[in-house]
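Student: Sharing run01.csv here; it has CSV, C-alpha atoms.
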chain,number,residue,atom,x,y,z
K,100,MET,CA,-27.1,-133.0,87.3
K,101,ILE,CA,-26.5,-132.9,83.5
K,102,GLY,CA,-29.2,-134.1,81.1
K,103,TYR,CA,-28.9,-135.7,77.7
K,104,ALA,CA,-31.7,-135.9,75.1
K,105,ARG,CA,-31.8,-137.5,71.7
K,106,VAL,CA,-34.2,-137.9,68.8
K,107,SER,CA,-33.6,-140.1,65.8
K,108,ARG,CA,-34.4,-137.6,63.0
K,109,GLU,CA,-33.9,-133.9,62.5
K,110,ASP,CA,-37.6,-133.3,62.0
K,111,GLN,CA,-38.5,-134.8,65.4
K,112,ASN,CA,-39.0,-132.5,68.4
K,113,PRO,CA,-37.1,-133.4,71.6
K,114,GLN,CA,-39.1,-130.9,73.7
K,115,TYR,CA,-40.9,-133.6,75.7
K,116,GLN,CA,-37.5,-134.9,76.8
K,117,LEU,CA,-36.2,-131.5,77.5
K,118,ASP,CA,-39.2,-130.7,79.7
K,119,ALA,CA,-38.8,-133.9,81.7
K,120,LEU,CA,-35.0,-133.3,82.2
K,121,GLN,CA,-35.6,-129.7,83.3
K,122,ALA,CA,-38.3,-130.9,85.7
K,123,ALA,CA,-35.8,-133.4,87.2
K,124,GLY,CA,-33.5,-130.5,88.0
K,125,CYS,CA,-30.8,-130.8,85.2
K,126,ALA,CA,-28.7,-127.6,85.2
K,127,ARG,CA,-27.4,-128.3,81.7
K,128,ILE,CA,-28.9,-130.3,78.9
K,129,PHE,CA,-27.1,-131.6,75.8
K,130,GLU,CA,-29.0,-133.0,72.8
K,131,ASP,CA,-28.5,-134.9,69.5
K,132,ARG,CA,-30.7,-135.1,66.5
K,133,MET,CA,-29.5,-138.3,64.9
K,134,SER,CA,-29.9,-142.1,65.0
K,135,GLY,CA,-28.5,-144.0,67.9
K,136,ALA,CA,-26.6,-146.1,65.3
K,137,GLU,CA,-24.3,-143.2,64.6
K,138,PHE,CA,-20.8,-143.8,66.0
K,139,SER,CA,-20.2,-140.1,66.7
K,140,ARG,CA,-22.7,-138.1,68.7
K,141,ALA,CA,-21.5,-134.6,69.5
K,142,GLY,CA,-24.1,-133.9,72.2
K,143,LEU,CA,-23.4,-137.1,74.1
K,144,ASP,CA,-19.6,-136.5,73.9
K,145,GLN,CA,-20.1,-133.0,75.3
K,146,ALA,CA,-22.3,-134.3,78.1
K,147,LEU,CA,-19.8,-137.0,79.1
K,148,ALA,CA,-16.9,-134.5,79.0
K,149,ALA,CA,-18.9,-132.0,81.3
K,150,LEU,CA,-19.5,-134.7,84.0
K,151,GLU,CA,-17.3,-134.7,87.1
K,152,PRO,CA,-17.0,-137.1,90.0
K,153,GLY,CA,-20.1,-136.8,92.1
K,154,SER,CA,-22.4,-135.5,89.3
K,155,VAL,CA,-25.2,-137.4,87.6
K,156,LEU,CA,-26.1,-138.0,84.0
K,157,VAL,CA,-29.9,-138.0,83.4
K,158,VAL,CA,-31.7,-139.3,80.4
K,159,TRP,CA,-35.4,-139.5,79.6
K,160,LYS,CA,-35.2,-143.2,78.7
K,161,LEU,CA,-32.4,-145.9,78.6
K,162,ASP,CA,-32.5,-146.3,74.8
K,163,ARG,CA,-31.6,-142.6,74.4
K,164,LEU,CA,-28.1,-143.4,75.6
K,165,GLY,CA,-26.8,-146.0,73.2
K,166,ARG,CA,-27.3,-148.0,70.1
K,167,SER,CA,-27.7,-151.3,72.1
K,168,MET,CA,-28.0,-152.5,75.6
K,169,LEU,CA,-24.3,-153.6,75.4
K,170,GLU,CA,-23.2,-150.0,74.6
K,171,MET,CA,-25.6,-148.5,77.2
K,172,VAL,CA,-24.3,-150.7,80.0
K,173,LYS,CA,-20.7,-150.0,78.9
K,174,THR,CA,-21.3,-146.3,79.2
K,175,VAL,CA,-23.0,-146.5,82.6
K,176,LEU,CA,-20.2,-148.7,83.9
K,177,ASP,CA,-17.6,-146.2,82.7
K,178,LEU,CA,-19.5,-143.5,84.5
K,179,ASP,CA,-19.6,-145.5,87.6
K,180,ARG,CA,-15.9,-146.1,87.5
K,181,ARG,CA,-15.4,-142.3,87.3
K,182,GLY,CA,-17.6,-141.8,90.3
K,183,ILE,CA,-20.5,-140.4,88.3
K,184,GLY,CA,-24.1,-141.5,88.8
K,185,PHE,CA,-26.7,-142.3,86.1
K,186,ARG,CA,-30.4,-141.9,86.1
K,187,SER,CA,-33.1,-142.8,83.6
K,188,LEU,CA,-36.5,-141.1,84.3
K,189,THR,CA,-38.8,-143.5,82.5
K,190,GLU,CA,-37.5,-146.7,84.0
K,191,SER,CA,-36.8,-145.1,87.5
K,192,PHE,CA,-33.3,-146.4,87.2
K,193,ASP,CA,-30.8,-144.6,89.5
K,194,THR,CA,-27.3,-146.0,90.2
K,195,LYS,CA,-27.1,-143.9,93.3
K,196,THR,CA,-29.7,-146.2,95.0
K,197,ALA,CA,-29.2,-149.7,96.3
K,198,LEU,CA,-31.7,-151.1,93.9
K,199,GLY,CA,-30.1,-149.3,91.0
K,200,ARG,CA,-26.7,-150.6,91.8
K,201,GLY,CA,-28.1,-154.1,92.0
K,202,VAL,CA,-29.7,-153.7,88.6
K,203,LEU,CA,-26.4,-152.3,87.3
K,204,ALA,CA,-24.6,-155.4,88.5
K,205,LEU,CA,-27.1,-157.6,86.8
K,206,LEU,CA,-26.9,-155.6,83.5
K,207,ALA,CA,-23.1,-155.9,83.7
K,208,ALA,CA,-23.3,-159.7,83.9
K,209,VAL,CA,-25.7,-159.8,81.0
K,210,ALA,CA,-23.4,-157.5,79.0
K,211,GLU,CA,-20.4,-159.7,79.7
K,212,ASP,CA,-22.4,-162.8,78.5
K,213,GLU,CA,-23.4,-160.9,75.4
K,214,ARG,CA,-19.7,-160.0,74.7
K,215,ASP,CA,-18.7,-163.7,75.1
K,216,ARG,CA,-21.5,-164.7,72.7
K,217,LEU,CA,-20.4,-162.1,70.2
K,218,ARG,CA,-16.8,-163.3,70.3
K,219,GLU,CA,-18.0,-166.9,69.8
K,220,ARG,CA,-20.1,-165.9,66.8
K,221,THR,CA,-17.3,-164.0,65.3
K,222,ARG,CA,-14.8,-166.9,65.7
K,223,ALA,CA,-17.4,-169.3,64.2
K,224,GLY,CA,-18.0,-167.0,61.2
K,225,MET,CA,-14.3,-166.6,60.6
K,226,GLN,CA,-13.7,-170.4,60.7
K,227,ALA,CA,-16.6,-171.0,58.3
K,228,ALA,CA,-15.2,-168.4,55.9
K,229,ARG,CA,-11.7,-170.0,56.0
K,230,ARG,CA,-13.3,-173.4,55.3
K,231,ASN,CA,-14.9,-171.9,52.2
K,232,GLY,CA,-11.6,-170.6,51.0
K,233,LYS,CA,-12.3,-166.9,51.8
K,234,HIS,CA,-9.6,-164.6,52.9
K,235,ILE,CA,-9.9,-163.1,56.4
K,236,GLY,CA,-8.4,-159.7,57.2
K,237,ARG,CA,-7.2,-156.9,55.0
K,238,PRO,CA,-6.5,-157.6,51.3
K,239,SER,CA,-3.1,-159.1,50.6
K,240,THR,CA,-0.6,-156.8,48.9
K,241,LEU,CA,1.1,-159.9,47.3
K,242,THR,CA,-1.2,-161.0,44.5
K,243,PRO,CA,-0.7,-164.3,42.7
K,244,GLU,CA,0.6,-162.3,39.6
K,245,LYS,CA,3.2,-160.6,41.8
K,246,LEU,CA,4.3,-163.8,43.4
K,247,ASP,CA,4.8,-165.5,40.0
K,248,LEU,CA,6.8,-162.5,38.9
K,249,ALA,CA,8.9,-162.7,42.1
K,250,LEU,CA,9.6,-166.4,41.4
K,251,ARG,CA,10.8,-165.6,37.9
K,252,LEU,CA,13.0,-162.8,39.2
K,253,ILE,CA,14.6,-165.1,41.8
K,254,ALA,CA,15.1,-167.8,39.1
K,255,GLU,CA,17.0,-165.2,37.1
K,256,GLY,CA,19.4,-164.6,40.0
K,257,LYS,CA,17.7,-161.7,41.9
K,258,GLY,CA,17.9,-161.8,45.6
K,259,LYS,CA,14.6,-162.2,47.5
K,260,ALA,CA,14.9,-158.7,49.0
K,261,ALA,CA,15.6,-157.2,45.6
K,262,ALA,CA,12.7,-159.1,44.0
K,263,ALA,CA,10.4,-157.9,46.8
K,264,ARG,CA,11.3,-154.3,46.1
K,265,MET,CA,10.7,-154.7,42.4
K,266,ILE,CA,7.2,-156.1,42.9
K,267,GLY,CA,6.4,-153.5,45.6
K,268,VAL,CA,6.0,-155.6,48.8
K,269,HIS,CA,7.9,-156.0,52.0
K,270,PRO,CA,10.7,-158.7,51.9
K,271,ALA,CA,9.1,-160.4,54.9
K,272,THR,CA,5.8,-160.7,53.0
K,273,LEU,CA,7.5,-162.3,50.1
K,274,ARG,CA,9.6,-164.6,52.3
K,275,ARG,CA,6.4,-165.9,54.1
K,276,ALA,CA,4.8,-166.6,50.7
K,277,LEU,CA,7.8,-168.4,49.4
K,278,ASN,CA,8.0,-170.6,52.5
K,279,GLY,CA,4.5,-171.8,51.6
K,280,ARG,CA,5.5,-172.7,48.0
K,281,ASP,CA,6.9,-176.2,47.6
K,282,ASP,CA,7.3,-175.7,43.9
K,283,LEU,CA,10.0,-173.0,44.2
K,284,GLY,CA,12.9,-175.4,43.5
K,285,ASP,CA,11.2,-176.8,40.4
K,286,ILE,CA,10.5,-173.3,39.0
K,287,GLN,CA,14.1,-172.2,39.7
K,288,HIS,CA,15.3,-175.3,37.9
K,289,ARG,CA,13.1,-174.7,34.9
K,290,GLU,CA,14.0,-171.1,34.7
K,291,SER,CA,17.7,-171.8,34.9
K,292,VAL,CA,17.7,-173.6,31.6
K,293,ARG,CA,15.7,-170.9,29.8
K,294,PRO,CA,17.4,-167.9,28.1
K,295,LEU,CA,17.2,-164.9,30.4
K,296,CYS,CA,16.5,-162.6,27.4
K,297,GLY,CA,14.2,-163.1,24.5
K,298,SER,CA,15.6,-163.3,20.9
K,299,GLY,CA,14.3,-161.7,17.8
K,300,GLY,CA,12.7,-158.3,17.3
K,301,GLY,CA,10.1,-158.5,20.1
K,302,ARG,CA,10.5,-157.4,23.7
K,303,ASP,CA,11.3,-160.1,26.4
K,304,MET,CA,8.0,-161.3,28.0
K,305,ASP,CA,9.5,-161.2,31.5
K,306,PHE,CA,10.1,-157.4,31.2
K,307,GLU,CA,6.6,-156.9,29.7
K,308,LEU,CA,5.2,-158.7,32.8
K,309,ILE,CA,7.2,-156.5,35.1
K,310,SER,CA,5.8,-153.4,33.4
K,311,ALA,CA,2.3,-154.7,33.4
K,312,VAL,CA,2.4,-155.5,37.2
K,313,LEU,CA,4.3,-152.5,38.4
K,314,PHE,CA,3.3,-149.8,35.9
K,315,PHE,CA,6.8,-148.4,35.4
K,316,PRO,CA,8.8,-148.3,32.2
K,317,ILE,CA,11.7,-150.7,31.6
K,318,ASN,CA,14.8,-149.6,29.8
K,319,THR,CA,16.1,-152.1,27.3
K,320,HIS,CA,19.1,-152.4,25.1
K,321,ASP,CA,20.1,-154.7,22.2
K,322,ALA,CA,23.0,-157.1,22.4
K,323,LYS,CA,24.5,-159.3,19.7
K,324,VAL,CA,25.8,-162.7,20.8
K,325,ASP,CA,27.0,-165.3,18.3
K,326,GLY,CA,25.5,-163.4,15.5
K,327,ARG,CA,22.0,-163.3,17.1
K,328,MET,CA,20.3,-160.1,18.4
K,329,PHE,CA,18.9,-160.1,22.0
K,330,ARG,CA,16.9,-157.4,23.7
K,331,CYS,CA,17.7,-157.2,27.4
K,332,ARG,CA,17.7,-154.8,30.3
Show how you would write the structure in this file as structure tokens.

Tutor:
Amino acid sequence: MIGYARVSREDQNPQYQLDALQAAGCARIFEDRMSGAEFSRAGLDQALAALEPGSVLVVWKLDRLGRSMLEMVKTVLDLDRRGIGFRSLTESFDTKTALGRGVLALLAAVAEDERDRLRERTRAGMQAARRNGKHIGRPSTLTPEKLDLALRLIAEGKGKAAAARMIGVHPATLRRALNGRDDLGDIQHRESVRPLCGSGGGRDMDFELISAVLFFPINTHDAKVDGRMFRCR
């Protein structure tokens, strides 16, 4: 048998658990001094790795094993699938006995119901967030500023793939965004009748916008057309 002990704080003494586990006949005992809410517990990982089919994991109390009942039941079920028994001294819970296996089946059903409830709450929360206009998932790489810039680049004759590279997103990302814009044709029409380069001594605003969004320098040159000076790429 292999024992596992855990206390929530470094200044707590797990000796009472160690004594109980040794009295139960545990040949090896692993311990953690951290909260059960921690995702990584080195002592528990070592104990689980040391277990072999036919062996038994022993704890002083059920709540020493996991952050929640759901996690505890999942761990015990995983051990059962590996042919490993589980025993809790305080609750007299032993999966090697008929009563223990009956309780384990009941706990598995409760855990499955809790998982279903958790999924339902998660879906309901996501739907409520979408109704309130909140974005679900990781932040979008295509900001509204970048999308506007892409539309102006496309209106100037750039291909969609080229525009996507210039604003730093994947072409498929830009294509999905454009498919959801019903004003693309109007923007292209308006842009087609505008000068593609600014006149006078200032820099063209399109290229200033590119620099502001992408943070790289834009090379420009002056051109003289019909006696007027233009500054273009």

Student: Could you jot down the CA of Arg237 in chain K to CA of Gly267 in chain K separation for me, Å, one decimal place?

Tutor: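 Result for CA of Arg237 in chain K versus CA of Gly267 in chain K: 16.9 Å, one decimal.
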
Student: Counting all atoms listed in the file, give me one row per residue of range 114-162 of chain K with an atom at most 9 Å from an atom of range 168-180 of chain K, showing the shortest contact pair and its distance in Å to one decimal, sorted by chain then residue number, as JSON lines.

Tutor:
{"residue": "K:Leu147", "atom": "CA", "partner": "K:Leu178", "partner_atom": "CA", "distance": 8.5}
{"residue": "K:Leu150", "atom": "CA", "partner": "K:Leu178", "partner_atom": "CA", "distance": 8.8}
{"residue": "K:Pro152", "atom": "CA", "partner": "K:Leu178", "partner_atom": "CA", "distance": 8.8}
{"residue": "K:Val155", "atom": "CA", "partner": "K:Leu178", "partner_atom": "CA", "distance": 8.9}
{"residue": "K:Leu156", "atom": "CA", "partner": "K:Leu178", "partner_atom": "CA", "distance": 8.6}
{"residue": "K:Leu161", "atom": "CA", "partner": "K:Met171", "partner_atom": "CA", "distance": 7.4}
{"residue": "K:Asp162", "atom": "CA", "partner": "K:Met171", "partner_atom": "CA", "distance": 7.6}

Student: I need the chosen residues saved as a compact mmCIF listing (two decimals), in the frame of the given file, with C-alpha atoms.

Tutor:
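What follows is the written file again_10.txt:
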# COMPACT_ATOMS: atom_id res chain seq x y z
CA LEU K 147 -19.80 -137.00 79.10
CA LEU K 150 -19.50 -134.70 84.00
CA PRO K 152 -17.00 -137.10 90.00
CA VAL K 155 -25.20 -137.40 87.60
CA LEU K 156 -26.10 -138.00 84.00
CA LEU K 161 -32.40 -145.90 78.60
CA ASP K 162 -32.50 -146.30 74.80

Student: So what do you get for CA of Pro113 in chain K versus CA of Trp159 in chain K, distance-wise?

Tutor: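 For CA of Pro113 in chain K relative to CA of Trp159 in chain K, the distance reads 10.2 Å.
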
Student: List as a PyMOL selection string the protein and nucleic acid residues near Gln116 in chain K, meaning an atom at most 12 Å away when all atoms listed in the file are counted, but skip any in the same chain fewer than 6 places from it.

Tutor: chain K and resi 102-106+122-123+125+128-131+157-160+163+187-189

Student: So, with all atoms listed in the file as the atoms that count, which of K:Ala249, K:Arg140, K:Asp193, K:Lys257 lies closest to Leu273 in chain K?

Tutor: K:Ala249

Student: Which one is closest to Asn278 in chain K: K:Arg216, K:Gly153, K:Met265, K:Lys259? Count all atoms listed in the file.

Tutor: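 Ranked by minimum distance to Asn278 in chain K, first place goes to K:Lys259.
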
Student: Have a look at CA of Glu151 in chain K and CA of Gly182 in chain K and let me know their distance in Å, one decimal.

Tutor: 7.8 Å
